[in-house]
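So this block is start-v4.pdb, PDB, N, CA and C atoms and all ligand atoms:
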ATOM      1  N   ALA A   1      96.858 100.664 146.995
ATOM      2  CA  ALA A   1      95.548 100.725 146.347
ATOM      3  C   ALA A   1      94.891 102.059 146.674
ATOM      4  N   ARG A   2      94.226 102.634 145.710
ATOM      5  CA  ARG A   2      93.515 103.896 145.959
ATOM      6  C   ARG A   2      92.059 103.592 146.271
ATOM      7  N   ILE A   3      91.558 104.242 147.307
ATOM      8  CA  ILE A   3      90.167 104.050 147.709
ATOM      9  C   ILE A   3      89.495 105.405 147.774
ATOM     10  N   THR A   4      88.283 105.465 147.237
ATOM     11  CA  THR A   4      87.524 106.716 147.267
ATOM     12  C   THR A   4      86.319 106.558 148.182
ATOM     13  N   TYR A   5      86.192 107.501 149.105
ATOM     14  CA  TYR A   5      85.057 107.555 150.022
ATOM     15  C   TYR A   5      84.176 108.723 149.587
ATOM     16  N   ILE A   6      82.880 108.487 149.515
ATOM     17  CA  ILE A   6      81.961 109.567 149.130
ATOM     18  C   ILE A   6      81.000 109.817 150.293
ATOM     19  N   SER A   7      80.998 111.053 150.777
ATOM     20  CA  SER A   7      80.152 111.403 151.921
ATOM     21  C   SER A   7      78.692 111.461 151.486
ATOM     22  N   PRO A   8      77.771 111.452 152.458
ATOM     23  CA  PRO A   8      76.350 111.560 152.097
ATOM     24  C   PRO A   8      76.062 112.826 151.293
ATOM     25  N   ALA A   9      76.877 113.879 151.496
ATOM     26  CA  ALA A   9      76.668 115.124 150.749
ATOM     27  C   ALA A   9      77.321 115.082 149.369
ATOM     28  N   GLY A  10      78.033 113.989 149.082
ATOM     29  CA  GLY A  10      78.631 113.838 147.758
ATOM     30  C   GLY A  10      80.089 114.262 147.667
ATOM     31  N   VAL A  11      80.703 114.557 148.809
ATOM     32  CA  VAL A  11      82.114 114.961 148.791
ATOM     33  C   VAL A  11      82.998 113.717 148.671
ATOM     34  N   LYS A  12      83.888 113.744 147.670
ATOM     35  CA  LYS A  12      84.768 112.591 147.422
ATOM     36  C   LYS A  12      86.132 112.799 148.056
ATOM     37  N   THR A  13      86.621 111.761 148.731
ATOM     38  CA  THR A  13      87.979 111.784 149.270
ATOM     39  C   THR A  13      88.679 110.524 148.783
ATOM     40  N   THR A  14      89.755 110.720 148.029
ATOM     41  CA  THR A  14      90.504 109.568 147.537
ATOM     42  C   THR A  14      91.836 109.502 148.265
ATOM     43  N   VAL A  15      92.139 108.337 148.810
ATOM     44  CA  VAL A  15      93.375 108.182 149.575
ATOM     45  C   VAL A  15      94.116 106.931 149.121
ATOM     46  N   GLU A  16      95.386 106.898 149.459
ATOM     47  CA  GLU A  16      96.226 105.735 149.176
ATOM     48  C   GLU A  16      96.146 104.803 150.386
ATOM     49  N   ALA A  17      95.745 103.568 150.172
ATOM     50  CA  ALA A  17      95.596 102.611 151.275
ATOM     51  C   ALA A  17      96.753 101.622 151.273
ATOM     52  N   GLU A  18      97.171 101.252 152.473
ATOM     53  CA  GLU A  18      98.282 100.295 152.595
ATOM     54  C   GLU A  18      97.771  98.873 152.502
ATOM     55  N   ASP A  19      98.470  98.044 151.752
ATOM     56  CA  ASP A  19      98.152  96.620 151.720
ATOM     57  C   ASP A  19      98.195  96.076 153.142
ATOM     58  N   GLY A  20      97.285  95.206 153.454
ATOM     59  CA  GLY A  20      97.271  94.592 154.781
ATOM     60  C   GLY A  20      96.414  95.354 155.773
ATOM     61  N   SER A  21      95.989  96.566 155.410
ATOM     62  CA  SER A  21      95.055  97.263 156.296
ATOM     63  C   SER A  21      93.644  96.965 155.797
ATOM     64  N   THR A  22      92.683  97.704 156.302
ATOM     65  CA  THR A  22      91.309  97.499 155.850
ATOM     66  C   THR A  22      90.738  98.828 155.378
ATOM     67  N   VAL A  23      89.586  98.761 154.750
ATOM     68  CA  VAL A  23      88.938  99.985 154.270
ATOM     69  C   VAL A  23      88.516 100.848 155.466
ATOM     70  N   MET A  24      88.185 100.224 156.595
ATOM     71  CA  MET A  24      87.866 100.975 157.825
ATOM     72  C   MET A  24      89.109 101.676 158.346
ATOM     73  N   GLN A  25      90.201 100.937 158.526
ATOM     74  CA  GLN A  25      91.431 101.538 159.080
ATOM     75  C   GLN A  25      91.942 102.666 158.189
ATOM     76  N   THR A  26      91.824 102.498 156.905
ATOM     77  CA  THR A  26      92.299 103.516 155.969
ATOM     78  C   THR A  26      91.516 104.816 156.137
ATOM     79  N   ALA A  27      90.220 104.701 156.363
ATOM     80  CA  ALA A  27      89.395 105.901 156.589
ATOM     81  C   ALA A  27      89.837 106.608 157.863
ATOM     82  N   LEU A  28      90.028 105.853 158.937
ATOM     83  CA  LEU A  28      90.418 106.472 160.214
ATOM     84  C   LEU A  28      91.789 107.137 160.091
ATOM     85  N   ARG A  29      92.732 106.446 159.494
ATOM     86  CA  ARG A  29      94.085 106.987 159.349
ATOM     87  C   ARG A  29      94.111 108.281 158.560
ATOM     88  N   ASN A  30      93.175 108.414 157.644
ATOM     89  CA  ASN A  30      93.160 109.589 156.774
ATOM     90  C   ASN A  30      92.099 110.601 157.188
ATOM     91  N   ASN A  31      91.569 110.419 158.387
ATOM     92  CA  ASN A  31      90.563 111.350 158.915
ATOM     93  C   ASN A  31      89.367 111.538 157.989
ATOM     94  N   VAL A  32      88.942 110.442 157.388
ATOM     95  CA  VAL A  32      87.730 110.505 156.579
ATOM     96  C   VAL A  32      86.537 110.408 157.530
ATOM     97  N   ASP A  33      85.712 111.447 157.553
ATOM     98  CA  ASP A  33      84.541 111.437 158.434
ATOM     99  C   ASP A  33      83.528 110.415 157.957
ATOM    100  N   GLY A  34      82.793 109.849 158.897
ATOM    101  CA  GLY A  34      81.668 109.005 158.502
ATOM    102  C   GLY A  34      81.872 107.541 158.772
ATOM    103  N   ILE A  35      83.093 107.175 159.208
ATOM    104  CA  ILE A  35      83.346 105.803 159.638
ATOM    105  C   ILE A  35      83.863 105.887 161.064
ATOM    106  N   VAL A  36      83.224 105.166 161.976
ATOM    107  CA  VAL A  36      83.602 105.254 163.378
ATOM    108  C   VAL A  36      84.547 104.112 163.773
ATOM    109  N   GLY A  37      84.176 102.907 163.468
ATOM    110  CA  GLY A  37      85.049 101.769 163.778
ATOM    111  C   GLY A  37      85.239 101.546 165.263
ATOM    112  N   GLU A  38      84.150 101.682 165.990
ATOM    113  CA  GLU A  38      84.186 101.626 167.446
ATOM    114  C   GLU A  38      84.834 100.366 168.017
ATOM    115  N   CYS A  39      84.620  99.233 167.410
ATOM    116  CA  CYS A  39      85.132  97.971 167.992
ATOM    117  C   CYS A  39      86.542  97.653 167.520
ATOM    118  N   GLY A  40      87.128  98.558 166.744
ATOM    119  CA  GLY A  40      88.501  98.337 166.307
ATOM    120  C   GLY A  40      88.644  97.300 165.205
ATOM    121  N   GLY A  41      87.574  96.990 164.547
ATOM    122  CA  GLY A  41      87.664  96.087 163.405
ATOM    123  C   GLY A  41      87.385  94.639 163.740
ATOM    124  N   ASN A  42      86.746  94.415 164.870
ATOM    125  CA  ASN A  42      86.481  93.039 165.298
ATOM    126  C   ASN A  42      85.093  92.529 164.934
ATOM    127  N   ALA A  43      84.418  93.261 164.063
ATOM    128  CA  ALA A  43      83.085  92.861 163.623
ATOM    129  C   ALA A  43      82.116  92.723 164.789
ATOM    130  N   LEU A  44      82.108  93.745 165.632
ATOM    131  CA  LEU A  44      81.220  93.741 166.796
ATOM    132  C   LEU A  44      80.311  94.964 166.857
ATOM    133  N   CYS A  45      80.583  96.011 166.067
ATOM    134  CA  CYS A  45      79.876  97.265 166.316
ATOM    135  C   CYS A  45      79.020  97.764 165.154
ATOM    136  N   ALA A  46      79.360  97.436 163.945
ATOM    137  CA  ALA A  46      78.633  97.903 162.747
ATOM    138  C   ALA A  46      78.732  99.412 162.525
ATOM    139  N   THR A  47      79.707 100.089 163.166
ATOM    140  CA  THR A  47      79.860 101.530 162.937
ATOM    141  C   THR A  47      80.872 101.819 161.826
ATOM    142  N   CYS A  48      81.158 100.816 161.049
ATOM    143  CA  CYS A  48      82.052 100.992 159.894
ATOM    144  C   CYS A  48      81.302 100.669 158.603
ATOM    145  N   HIS A  49      79.978 100.751 158.696
ATOM    146  CA  HIS A  49      79.086 100.425 157.569
ATOM    147  C   HIS A  49      79.370 101.317 156.350
ATOM    148  N   VAL A  50      79.457 100.719 155.188
ATOM    149  CA  VAL A  50      79.579 101.480 153.937
ATOM    150  C   VAL A  50      78.713 100.828 152.856
ATOM    151  N   TYR A  51      78.423 101.630 151.839
ATOM    152  CA  TYR A  51      77.765 101.119 150.642
ATOM    153  C   TYR A  51      78.814 101.046 149.543
ATOM    154  N   VAL A  52      79.077  99.827 149.093
ATOM    155  CA  VAL A  52      80.086  99.627 148.047
ATOM    156  C   VAL A  52      79.468  99.965 146.691
ATOM    157  N   ASP A  53      80.287 100.528 145.824
ATOM    158  CA  ASP A  53      79.830 100.800 144.460
ATOM    159  C   ASP A  53      79.239  99.517 143.855
ATOM    160  N   GLU A  54      78.070  99.644 143.253
ATOM    161  CA  GLU A  54      77.360  98.456 142.762
ATOM    162  C   GLU A  54      78.194  97.580 141.839
ATOM    163  N   ALA A  55      78.916  98.208 140.929
ATOM    164  CA  ALA A  55      79.683  97.449 139.943
ATOM    165  C   ALA A  55      80.845  96.696 140.593
ATOM    166  N   GLN A  56      81.264  97.134 141.762
ATOM    167  CA  GLN A  56      82.431  96.540 142.411
ATOM    168  C   GLN A  56      82.070  95.556 143.516
ATOM    169  N   PHE A  57      80.800  95.532 143.882
ATOM    170  CA  PHE A  57      80.385  94.761 145.049
ATOM    171  C   PHE A  57      80.735  93.273 144.928
ATOM    172  N   ALA A  58      80.387  92.672 143.823
ATOM    173  CA  ALA A  58      80.587  91.231 143.663
ATOM    174  C   ALA A  58      82.066  90.854 143.732
ATOM    175  N   GLY A  59      82.908  91.746 143.255
ATOM    176  CA  GLY A  59      84.342  91.469 143.217
ATOM    177  C   GLY A  59      84.990  91.393 144.583
ATOM    178  N   LEU A  60      84.283  91.821 145.618
ATOM    179  CA  LEU A  60      84.864  91.791 146.961
ATOM    180  C   LEU A  60      84.754  90.430 147.623
ATOM    181  N   GLY A  61      84.028  89.530 147.013
ATOM    182  CA  GLY A  61      83.925  88.200 147.594
ATOM    183  C   GLY A  61      82.760  88.093 148.552
ATOM    184  N   PRO A  62      82.518  86.882 149.022
ATOM    185  CA  PRO A  62      81.324  86.615 149.822
ATOM    186  C   PRO A  62      81.381  87.241 151.214
ATOM    187  N   ILE A  63      80.204  87.486 151.770
ATOM    188  CA  ILE A  63      80.074  87.994 153.135
ATOM    189  C   ILE A  63      79.932  86.784 154.056
ATOM    190  N   VAL A  64      80.791  86.718 155.060
ATOM    191  CA  VAL A  64      80.712  85.557 155.959
ATOM    192  C   VAL A  64      79.611  85.771 156.995
ATOM    193  N   ASP A  65      79.252  84.706 157.703
ATOM    194  CA  ASP A  65      78.087  84.719 158.598
ATOM    195  C   ASP A  65      78.077  85.841 159.623
ATOM    196  N   PHE A  66      79.189  86.055 160.322
ATOM    197  CA  PHE A  66      79.140  87.058 161.395
ATOM    198  C   PHE A  66      78.954  88.460 160.836
ATOM    199  N   GLU A  67      79.509  88.709 159.675
ATOM    200  CA  GLU A  67      79.284  90.028 159.056
ATOM    201  C   GLU A  67      77.835  90.147 158.610
ATOM    202  N   GLU A  68      77.340  89.094 158.035
ATOM    203  CA  GLU A  68      75.949  89.048 157.581
ATOM    204  C   GLU A  68      74.998  89.417 158.731
ATOM    205  N   GLU A  69      75.209  88.844 159.884
ATOM    206  CA  GLU A  69      74.338  89.120 161.037
ATOM    207  C   GLU A  69      74.455  90.567 161.497
ATOM    208  N   LEU A  70      75.696  91.050 161.539
ATOM    209  CA  LEU A  70      75.920  92.410 162.029
ATOM    210  C   LEU A  70      75.377  93.452 161.051
ATOM    211  N   LEU A  71      75.329  93.122 159.786
ATOM    212  CA  LEU A  71      74.803  94.060 158.796
ATOM    213  C   LEU A  71      73.320  94.352 159.030
ATOM    214  N   ASP A  72      72.671  93.509 159.799
ATOM    215  CA  ASP A  72      71.277  93.781 160.146
ATOM    216  C   ASP A  72      71.172  94.742 161.322
ATOM    217  N   CYS A  73      72.313  95.148 161.888
ATOM    218  CA  CYS A  73      72.316  96.033 163.067
ATOM    219  C   CYS A  73      72.862  97.421 162.739
ATOM    220  N   THR A  74      72.981  97.774 161.476
ATOM    221  CA  THR A  74      73.543  99.078 161.122
ATOM    222  C   THR A  74      72.544 100.187 161.444
ATOM    223  N   SER A  75      73.058 101.382 161.740
ATOM    224  CA  SER A  75      72.184 102.512 162.082
ATOM    225  C   SER A  75      71.448 103.042 160.869
ATOM    226  N   SER A  76      72.164 103.181 159.763
ATOM    227  CA  SER A  76      71.511 103.585 158.521
ATOM    228  C   SER A  76      71.015 102.319 157.834
ATOM    229  N   PRO A  77      69.993 102.460 157.001
ATOM    230  CA  PRO A  77      69.404 101.261 156.394
ATOM    231  C   PRO A  77      70.411 100.416 155.624
ATOM    232  N   ARG A  78      70.282  99.117 155.776
ATOM    233  CA  ARG A  78      71.101  98.200 154.998
ATOM    234  C   ARG A  78      70.596  98.178 153.561
ATOM    235  N   LYS A  79      71.543  98.157 152.622
ATOM    236  CA  LYS A  79      71.178  98.025 151.208
ATOM    237  C   LYS A  79      71.835  96.768 150.650
ATOM    238  N   ASP A  80      71.523  96.460 149.393
ATOM    239  CA  ASP A  80      72.114  95.271 148.761
ATOM    240  C   ASP A  80      73.628  95.348 148.708
ATOM    241  N   THR A  81      74.165  96.565 148.691
ATOM    242  CA  THR A  81      75.613  96.721 148.556
ATOM    243  C   THR A  81      76.288  97.062 149.884
ATOM    244  N   SER A  82      75.592  96.876 150.988
ATOM    245  CA  SER A  82      76.170  97.189 152.301
ATOM    246  C   SER A  82      77.282  96.208 152.663
ATOM    247  N   ARG A  83      78.342  96.762 153.250
ATOM    248  CA  ARG A  83      79.412  95.927 153.830
ATOM    249  C   ARG A  83      79.912  96.621 155.093
ATOM    250  N   LEU A  84      80.598  95.830 155.910
ATOM    251  CA  LEU A  84      81.346  96.405 157.024
ATOM    252  C   LEU A  84      82.750  96.674 156.495
ATOM    253  N   SER A  85      83.176  97.931 156.564
ATOM    254  CA  SER A  85      84.451  98.257 155.915
ATOM    255  C   SER A  85      85.653  97.644 156.638
ATOM    256  N   CYS A  86      85.466  97.226 157.909
ATOM    257  CA  CYS A  86      86.591  96.553 158.591
ATOM    258  C   CYS A  86      86.786  95.136 158.074
ATOM    259  N   GLN A  87      85.823  94.651 157.311
ATOM    260  CA  GLN A  87      85.932  93.296 156.768
ATOM    261  C   GLN A  87      86.310  93.319 155.285
ATOM    262  N   ILE A  88      86.746  94.483 154.811
ATOM    263  CA  ILE A  88      87.238  94.568 153.427
ATOM    264  C   ILE A  88      88.736  94.813 153.491
ATOM    265  N   PRO A  89      89.534  93.764 153.259
ATOM    266  CA  PRO A  89      90.982  93.936 153.322
ATOM    267  C   PRO A  89      91.502  94.724 152.126
ATOM    268  N   VAL A  90      92.549  95.493 152.364
ATOM    269  CA  VAL A  90      93.178  96.232 151.271
ATOM    270  C   VAL A  90      94.219  95.332 150.612
ATOM    271  N   THR A  91      94.025  95.104 149.325
ATOM    272  CA  THR A  91      95.000  94.383 148.497
ATOM    273  C   THR A  91      95.004  95.102 147.158
ATOM    274  N   GLY A  92      95.873  94.692 146.280
ATOM    275  CA  GLY A  92      95.880  95.294 144.954
ATOM    276  C   GLY A  92      94.534  95.154 144.271
ATOM    277  N   ALA A  93      93.797  94.108 144.643
ATOM    278  CA  ALA A  93      92.515  93.818 143.993
ATOM    279  C   ALA A  93      91.458  94.876 144.271
ATOM    280  N   VAL A  94      91.617  95.662 145.331
ATOM    281  CA  VAL A  94      90.604  96.681 145.620
ATOM    282  C   VAL A  94      91.014  98.064 145.113
ATOM    283  N   ASP A  95      92.083  98.128 144.335
ATOM    284  CA  ASP A  95      92.503  99.426 143.801
ATOM    285  C   ASP A  95      91.342 100.051 143.015
ATOM    286  N   GLY A  96      91.056 101.305 143.324
ATOM    287  CA  GLY A  96      89.958 101.988 142.619
ATOM    288  C   GLY A  96      88.604 101.805 143.270
ATOM    289  N   LEU A  97      88.589 101.158 144.424
ATOM    290  CA  LEU A  97      87.315 100.913 145.119
ATOM    291  C   LEU A  97      86.629 102.234 145.494
ATOM    292  N   ILE A  98      85.317 102.251 145.318
ATOM    293  CA  ILE A  98      84.521 103.417 145.705
ATOM    294  C   ILE A  98      83.490 102.962 146.735
ATOM    295  N   VAL A  99      83.489 103.626 147.887
ATOM    296  CA  VAL A  99      82.475 103.327 148.904
ATOM    297  C   VAL A  99      81.745 104.600 149.287
ATOM    298  N   ARG A 100      80.451 104.493 149.491
ATOM    299  CA  ARG A 100      79.638 105.621 149.936
ATOM    300  C   ARG A 100      79.368 105.481 151.421
ATOM    301  N   LEU A 101      79.428 106.600 152.111
ATOM    302  CA  LEU A 101      79.246 106.574 153.554
ATOM    303  C   LEU A 101      77.776 106.791 153.889
ATOM    304  N   PRO A 102      77.270 106.058 154.862
ATOM    305  CA  PRO A 102      75.863 106.219 155.235
ATOM    306  C   PRO A 102      75.628 107.527 155.985
ATOM    307  N   GLU A 103      74.365 107.881 156.149
ATOM    308  CA  GLU A 103      74.005 109.126 156.850
ATOM    309  C   GLU A 103      74.528 109.132 158.273
ATOM    310  N   THR A 104      74.438 107.997 158.946
ATOM    311  CA  THR A 104      74.882 107.952 160.331
ATOM    312  C   THR A 104      75.388 106.557 160.685
ATOM    313  N   GLN A 105      76.298 106.513 161.683
ATOM    314  CA  GLN A 105      76.795 105.231 162.206
ATOM    315  C   GLN A 105      76.351 105.047 163.651
ATOM    316  N   GLU A 106      75.678 106.064 164.196
ATOM    317  CA  GLU A 106      75.362 106.000 165.645
ATOM    318  C   GLU A 106      73.920 105.575 165.863
TER     319      GLU A 106
HETATM  320 FE1  LIG A 201      83.334  97.389 164.342
HETATM  321 FE2  LIG A 201      83.754  97.108 161.734
HETATM  322  S1  LIG A 201      84.805  98.355 163.098
HETATM  323  S2  LIG A 201      82.298  96.108 162.943
END
Output the structure of this file as C-alpha cells.
Amino acid sequence: ARITYISPAGVKTTVEAEDGSTVMQTALRNNVDGIVGECGGNALCATCHVYVDEAQFAGLGPIVDFEEELLDCTSSPRKDTSRLSCQIPVTGAVDGLIVRLPETQE
C-alpha cells in the first residue's frame, strides 16, 4: 500500500508500506520526520499523532476506547480527523492513504 505523509510545511513523502505494519512504523522505517512513536506502538505516548485526510477518515474504521482517551493527550491540537498512526494497520484497504503531520509531537 502506498502512504503519503505531508509535513506541516506541505512537503509530501510517498512511501510503499508493508502489509502487517502500521502507519507509524512505516514512517519510522522510511525516515519520515514528524512521527516519534516513543512507546513503540503500544498506544501509550501519543507521539504518533496524525491528521487523516478528511475523505479517508471514515474508511479507517472506529476508534477504540484507549485510542480515544490518548487522543486527548496529543501535543498538537486534536482535530476531528486525528488518529494515532500506530493504531492504523497497513492493509490493501489503506492504499493511497494521506496523513498530515502535526506541528509537534513533544
Ligand atoms: Fe505511542 Fe502510537 S506510538 S501511541
### Query
Exactly which residues make up the result of the PyMOL selection byres (((not hetatm)) within 7 of (chain A and resi 201)) on this file, given as a list in words?
Met24, Val36, Gly37, Glu38, Cys39, Gly40, Gly41, Asn42, Ala43, Leu44, Cys45, Ala46, Thr47, Cys48, His49, Leu84, Ser85, Cys86 and Gln87 of chain A
Those residues you just picked out, can you put them in a file as a short mmCIF file (atom, residue, chain, number, x, y, z; two decimals), in the frame of the given file with N, CA and C atoms?
data_model
loop_
_atom_site.label_atom_id
_atom_site.label_comp_id
_atom_site.auth_asym_id
_atom_site.auth_seq_id
_atom_site.Cartn_x
_atom_site.Cartn_y
_atom_site.Cartn_z
N MET A 24 88.18 100.22 156.60
CA MET A 24 87.87 100.98 157.82
C MET A 24 89.11 101.68 158.35
N VAL A 36 83.22 105.17 161.98
CA VAL A 36 83.60 105.25 163.38
C VAL A 36 84.55 104.11 163.77
N GLY A 37 84.18 102.91 163.47
CA GLY A 37 85.05 101.77 163.78
C GLY A 37 85.24 101.55 165.26
N GLU A 38 84.15 101.68 165.99
CA GLU A 38 84.19 101.63 167.45
C GLU A 38 84.83 100.37 168.02
N CYS A 39 84.62 99.23 167.41
CA CYS A 39 85.13 97.97 167.99
C CYS A 39 86.54 97.65 167.52
N GLY A 40 87.13 98.56 166.74
CA GLY A 40 88.50 98.34 166.31
C GLY A 40 88.64 97.30 165.20
N GLY A 41 87.57 96.99 164.55
CA GLY A 41 87.66 96.09 163.40
C GLY A 41 87.38 94.64 163.74
N ASN A 42 86.75 94.42 164.87
CA ASN A 42 86.48 93.04 165.30
C ASN A 42 85.09 92.53 164.93
N ALA A 43 84.42 93.26 164.06
CA ALA A 43 83.08 92.86 163.62
C ALA A 43 82.12 92.72 164.79
N LEU A 44 82.11 93.74 165.63
CA LEU A 44 81.22 93.74 166.80
C LEU A 44 80.31 94.96 166.86
N CYS A 45 80.58 96.01 166.07
CA CYS A 45 79.88 97.26 166.32
C CYS A 45 79.02 97.76 165.15
N ALA A 46 79.36 97.44 163.94
CA ALA A 46 78.63 97.90 162.75
C ALA A 46 78.73 99.41 162.52
N THR A 47 79.71 100.09 163.17
CA THR A 47 79.86 101.53 162.94
C THR A 47 80.87 101.82 161.83
N CYS A 48 81.16 100.82 161.05
CA CYS A 48 82.05 100.99 159.89
C CYS A 48 81.30 100.67 158.60
N HIS A 49 79.98 100.75 158.70
CA HIS A 49 79.09 100.42 157.57
C HIS A 49 79.37 101.32 156.35
N LEU A 84 80.60 95.83 155.91
CA LEU A 84 81.35 96.40 157.02
C LEU A 84 82.75 96.67 156.50
N SER A 85 83.18 97.93 156.56
CA SER A 85 84.45 98.26 155.92
C SER A 85 85.65 97.64 156.64
N CYS A 86 85.47 97.23 157.91
CA CYS A 86 86.59 96.55 158.59
C CYS A 86 86.79 95.14 158.07
N GLN A 87 85.82 94.65 157.31
CA GLN A 87 85.93 93.30 156.77
C GLN A 87 86.31 93.32 155.28
#
Exercise for the section: Go through chain A and collect every residue that DSSP, computed from the backbone, puts in strand (DSSP E); the answer should be as a ChimeraX atom specification. Expected result: /A:2-6,12-16,49-52,82-84,97-100
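Each of A:Leu97, A:Gln105, A:Glu69, A:Val90 was checked against A:Ser21 using only N, CA and C atoms; the smallest atom-to-atom distance is that of A:Val90.
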Query - DSSP-assigned helix (DSSP H, G or I) among stretch 18-100 of chain A, expressed as a list of chain:residue names - result: A:Val23, A:Met24, A:Gln25, A:Thr26, A:Ala27, A:Leu28, A:Arg29, A:Glu54, A:Ala55, A:Gln56, A:Phe57, A:Ala58, A:Gly59, A:Leu60, A:Asp65, A:Phe66, A:Glu67, A:Glu68, A:Glu69, A:Leu70, A:Leu71, A:Asp72, A:Cys73, A:Ser85, A:Cys86, A:Gln87, A:Gly92, A:Ala93, A:Val94
Task: Neighbour list for stretch 53-64 of chain A as a ChimeraX atom specification, cut-off 6.5 Å, all atoms listed in the file, skip fewer than 5 positions in-chain - done: /A:69,81,98-100
Item to check | Target residues per the PyMOL selection byres (((chain A and resi 8-20 and name CA) around 7) and not hetatm and name CA), formatted as a PyMOL selection string | outcome: chain A and resi 1-7+21-22+26+89-91+101-103
